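The structure under discussion appears below in the form of structure tokens.
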Amino acid sequence: MELKHIVLRHVKMQLLHPFTTSLGTDYDKDFILVEIKSKSGISGWAESVAALDPLYKEETVKTNWHIMEDFLIPLLFREPIKHPDEVSERFAHIRGNYMAKSALEGAIWDLYAKQKGIPLAKALGGQKEKIEVGISIGIQETVDQLLRLIERNLEQGYKRMKVKIQPGWDVDVIAQVRRRFPDIPLMADANSAYSLKDIDRLAALDEYNLTMIEQPLAHDDIVDHAQLQARLKTPICLDESIHSVDDVRKAIHLGSCKVINIKIGRVGGLTEAKKIHDMCEVHQIPVWCGGMLESGIGRAHNVAITTLPNFLLPGDTAASSRYWKEDIIDPEVAVDNGMITVPSTPGIGYEPNRERIEERTLISKLYRAE
Ligand code: MG
């Protein structure tokens with residue numbers, strides 16, 4: 001692949017409904033959209049999952065722009081790329097900045113698949129034609145509201161319900177959900193809102209047959225999680241703590257979790273996501289694909305990676321219409337009875353809508369290969 005230019009766009013989209021977790025409430029979604037154009041005239045697309053504030057992880061829209069512009073883009077332009085796997089090698093000496101790396105690498109993957117004339121899912125080695133998806137429900141004002149939302153999403157066929165929890169919105173809430181829905185696949189995500197001091201409170205969740213508790217302890221911990229997992233019957237799933245296949249190796253060694261949430265942006269891209277998938281498969285640790293309130297372009301990447309065989313649990317990639325009045329791709333990501341049909345057209349398989357993208361772009365900048 002010979003690259004002609006790269007366009008970074010700061011895009012702002014308004015969420016249909018505010019989304020509240022233990023980290024705060026989101027009303028809008030600001031992100032960097034990456035378009036990489038080859039000399040042959042094909043565009044590859046991806047988005048960064050870094051937000052305006054460093055609350056989920058330390059990266060932000062601004063730090064991503066700086067790292068891409070000053071370090072990563074010059075590395076991409078240095079010489080032609082034969083295969084997308086080379087991108088993470090080329091970026092390896094730049095520490096951290098996973099989301100920035102992932103956004104550029106993802107656009108290269110899309111470009112590569114389009115040049116080959118195959119769907120991104122196939123380029124990654126995926127086999128599924130349909131994927132199962134669940135729903136992630138933010139913290140609500142009342143339990144009644146939460147129960148109504150779960151009911152509505154179950155009616156639409158979503159395959160599992162994930163409820164965000166935090167101290168004061170946890171055991172009682174989960175107990176009420178279980179009372180109302182005794183048999184549904186149900187899990188809780190704490191986004192690091194607890195510490196080992198809360199071990200009894202977290203152990204109390206064992207009674208409710210949750211498929212997992214996601215990232216209950218610190219965002220950078222795997223040691224305390226091992227202690228907690230030894231005490232809990234409920235599987236722990238790690239999200240924030242995992243950035244690489246080497247982190248997974250250590251977590252497995254310590255017994256810190258029984259499930260891994262793979263977010264492409266959090267682990268530096270699709271190549272590392274595949275490596276994590278493969279290691280987890282060997283160790284019989286099921287994985288699933290987490291969501292970061294992505295636009296349709298990020299959603300399309302999530303759909304593609306989820307086609308790998310060890311994505312055994314439903315992911316967070318719900319329909320575009322759950323988040324946006326109008327998405328920036330055609331067609332939108334659609335969910336039918338809790339299933340997404342994987343596109344069979346080349347690349348991400350959804351066409352970015354340039355008019356809608358321009359309307360939502362605050363700043364854009366074009367970087368030309370020399
Ligand atoms: Mg999570």
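In the structure tokens, the first chain shown is A, the next is B, and so on; residue numbers restart at 1 for each chain, and ligands run from 1 in the order shown.
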Considering only C-alpha atoms, return as a count of residues only whatever protein or nucleic-acid residues lie within 6 Å of A:Lys159, sequence-local ones (same chain, fewer than 5 positions apart) excluded. 3
Show which residues sit within 7 Å of A:Trp288, as a PyMOL selection string. Count only C-alpha atoms, and ignore same-chain residues fewer than 6 positions away. chain A and resi 260-262+311-315
Would you kindly return, as an MDAnalysis selection string, each protein, DNA or RNA residue with an atom no farther than 7 Å from any atom of A:Gly126, considering only C-alpha atoms and excluding same-chain residues fewer than 2 positions away? chainID A and resid 121:122 124 128 307:309
Residues as selected, N, CA and C atoms, written as a PDB file, in the first residue's frame, can you do that?
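So the final result, stored in part-v3.pdb, reads:
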```pdb
ATOM      1  N   ALA A 121     -13.692  -8.470   7.980  1.00  0.00           N
ATOM      2  CA  ALA A 121     -13.840  -9.669   8.824  1.00  0.00           C
ATOM      3  C   ALA A 121     -13.023 -10.835   8.255  1.00  0.00           C
ATOM      4  N   LYS A 122     -13.102 -11.023   6.936  1.00  0.00           N
ATOM      5  CA  LYS A 122     -12.343 -12.113   6.284  1.00  0.00           C
ATOM      6  C   LYS A 122     -10.844 -11.845   6.367  1.00  0.00           C
ATOM      7  N   LEU A 124      -9.288 -10.463   8.618  1.00  0.00           N
ATOM      8  CA  LEU A 124      -8.846 -10.750   9.991  1.00  0.00           C
ATOM      9  C   LEU A 124      -8.889 -12.243  10.310  1.00  0.00           C
ATOM     10  N   LYS A 128     -17.651 -15.949  11.139  1.00  0.00           N
ATOM     11  CA  LYS A 128     -19.101 -15.874  11.379  1.00  0.00           C
ATOM     12  C   LYS A 128     -19.792 -14.991  10.336  1.00  0.00           C
ATOM     13  N   THR A 307     -16.141 -11.492  14.540  1.00  0.00           N
ATOM     14  CA  THR A 307     -16.355 -12.714  13.745  1.00  0.00           C
ATOM     15  C   THR A 307     -15.304 -13.794  14.036  1.00  0.00           C
ATOM     16  N   LEU A 308     -14.258 -13.457  14.816  1.00  0.00           N
ATOM     17  CA  LEU A 308     -13.263 -14.482  15.187  1.00  0.00           C
ATOM     18  C   LEU A 308     -13.918 -15.476  16.159  1.00  0.00           C
ATOM     19  N   PRO A 309     -13.465 -16.755  16.110  1.00  0.00           N
ATOM     20  CA  PRO A 309     -14.232 -17.816  16.778  1.00  0.00           C
ATOM     21  C   PRO A 309     -14.305 -17.754  18.312  1.00  0.00           C
TER      22      PRO A 309
END
```
Which residues are close to stretch 137-145 of chain A, i.e. within 12 Å by only C-alpha atoms, leaving aside same-chain residues fewer than 5 positions away? Reply as a ChimeraX atom specification. /A:17-26,150-153,158,160-178,180,186-191,291,293,316,318,322-323
Counting only C-alpha atoms and all ligand atoms, what residues are within 7 Å of ligand 1, given as a ChimeraX atom specification? /A:189,191,214-215,239-240,290
For C-alpha atoms, I'd like the residues from the last selection saved as a PDB file, in the first residue's frame.
```
ATOM      1  CA  ASP A 189     -19.795  -3.377  34.812  1.00  0.00           C
ATOM      2  CA  ASN A 191     -15.649   0.675  35.570  1.00  0.00           C
ATOM      3  CA  GLU A 214     -16.515  -6.388  34.653  1.00  0.00           C
ATOM      4  CA  GLN A 215     -13.511  -4.438  35.983  1.00  0.00           C
ATOM      5  CA  ASP A 239     -11.495  -4.349  30.563  1.00  0.00           C
ATOM      6  CA  GLU A 240      -9.459  -1.243  31.542  1.00  0.00           C
ATOM      7  CA  GLY A 290     -16.726  -3.965  24.361  1.00  0.00           C
TER       8      GLY A 290
END
```
From stretch 127-290 of chain A, collect each residue whose DSSP state is alpha helix (DSSP H) and return the set as a ChimeraX atom specification. /A:143-155,171-180,199-203,223-231,245-254,270-282
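Take atom CA of A:His66 and atom CA of A:Ala107: the distance between them is 17.8 Å.
Residue nearest A:Asp85, chosen from A:Ile108, A:Leu52, A:Leu154, A:Leu146 and counting only C-alpha atoms: A:Ile108.
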